[in-house]
Amino acid sequence: MTTKLGRISTGPRSKKKTTKAKTKKKEQGTKLGRDLIEAMQEMIAIDRGESKPLRIDRSERTARRLTAEPAPEFYKARVVAVRKRLGVSQPVFARTLNVSTETVKAWEQGKNTPGGPAARLLEITEAYPEIIVKYVREKKL
């Protein structure tokens, strides 16, 4: 076809581009189909108890839907009890919690109370002492 601006090609070249685009779209459609079939087979296996789901809860955990309980208050007796349960001295306890020895002493003497992240860390230490104990080891001389 010829126009005032020049010749416009409508030959095989434009058909090849269309064919490649259609082939790519068809391949994507085929892959989507395979993925859907695979997902359905996985769901059937999970339903039959032959397999376990990789993730149970896929919902997003956001502040709009969820909240966290505040960390409990730790008074001096409770701090001492946590440290003694671990069986460590004040300096070792302080290093384990990544605070100064003076901070631990102030907590245990009632001059100060742990707050924020320290209170949460103490709560976790109290509930799961084995997590913290694994960071306590003999000094290398």
# chains A, B, ... in the order shown; residues from 1 in each chain; ligands from 1
call {"tool": "residues_around", "arguments": {"residues": "Pro53 (chain A)", "least_positions_apart": "6", "cutoff": "9 Å", "atoms": "only C-alpha atoms", "output": "PDB file with N, CA and C atoms, in the first residue's frame"}}
result
ATOM      1  N   GLU A  42      -2.214 -29.796  44.992  1.00  0.00           N
ATOM      2  CA  GLU A  42      -1.656 -29.569  46.321  1.00  0.00           C
ATOM      3  C   GLU A  42      -2.768 -29.409  47.355  1.00  0.00           C
ATOM      4  N   MET A  43      -3.820 -28.686  47.006  1.00  0.00           N
ATOM      5  CA  MET A  43      -4.945 -28.503  47.921  1.00  0.00           C
ATOM      6  C   MET A  43      -5.622 -29.837  48.242  1.00  0.00           C
ATOM      7  N   ILE A  46      -3.449 -31.790  50.659  1.00  0.00           N
ATOM      8  CA  ILE A  46      -3.556 -31.216  52.006  1.00  0.00           C
ATOM      9  C   ILE A  46      -4.876 -31.638  52.641  1.00  0.00           C
TER      10      ILE A  46
END
call {"tool": "residues_around", "arguments": {"residues": "region 125-138 of chain A", "least_positions_apart": "3", "cutoff": "10 Å", "atoms": "only C-alpha atoms", "output": "compact mmCIF listing (two decimals) with C-alpha atoms, in the first residue's frame"}}
result
# COMPACT_ATOMS: atom_id res chain seq x y z
CA ARG A 78 10.95 -9.97 89.64
CA VAL A 79 14.22 -8.88 87.99
CA ALA A 81 14.06 -13.79 90.24
CA VAL A 82 14.70 -13.85 86.48
CA ARG A 83 18.45 -13.42 86.94
CA ARG A 85 16.62 -18.49 87.52
CA LEU A 86 19.34 -18.16 84.89
CA GLY A 87 21.96 -18.69 87.59
CA VAL A 88 24.17 -15.78 86.54
CA VAL A 92 26.83 -11.57 83.17
CA PHE A 93 23.08 -10.87 83.22
CA ARG A 95 25.99 -8.44 79.19
CA THR A 96 23.40 -11.01 78.17
CA LEU A 97 20.66 -8.36 78.01
CA ALA A 119 10.88 -4.99 79.73
CA ARG A 120 9.94 -7.06 76.66
CA LEU A 121 13.33 -8.76 76.69
CA LEU A 122 12.96 -9.58 80.38
CA LEU A 141 41.56 -17.25 78.68
call {"tool": "atom_distance", "arguments": {"atom1": "CA of Pro117 (chain A)", "atom2": "CA of Ser100 (chain A)"}}
result
14.5 Å
call {"tool": "closest_residue", "arguments": {"among": "A:Leu66, A:Gln109, A:Pro72, A:Val104", "to": "Ile124 (chain A)", "atoms": "only C-alpha atoms"}}
result
A:Pro72
call {"tool": "atom_distance", "arguments": {"atom1": "CA of Glu60 (chain A)", "atom2": "CA of Gly115 (chain A)"}}
result
28.4 Å
call {"tool": "atom_distance", "arguments": {"atom1": "CA of Lys76 (chain A)", "atom2": "CA of Glu108 (chain A)"}}
result
4.3 Å
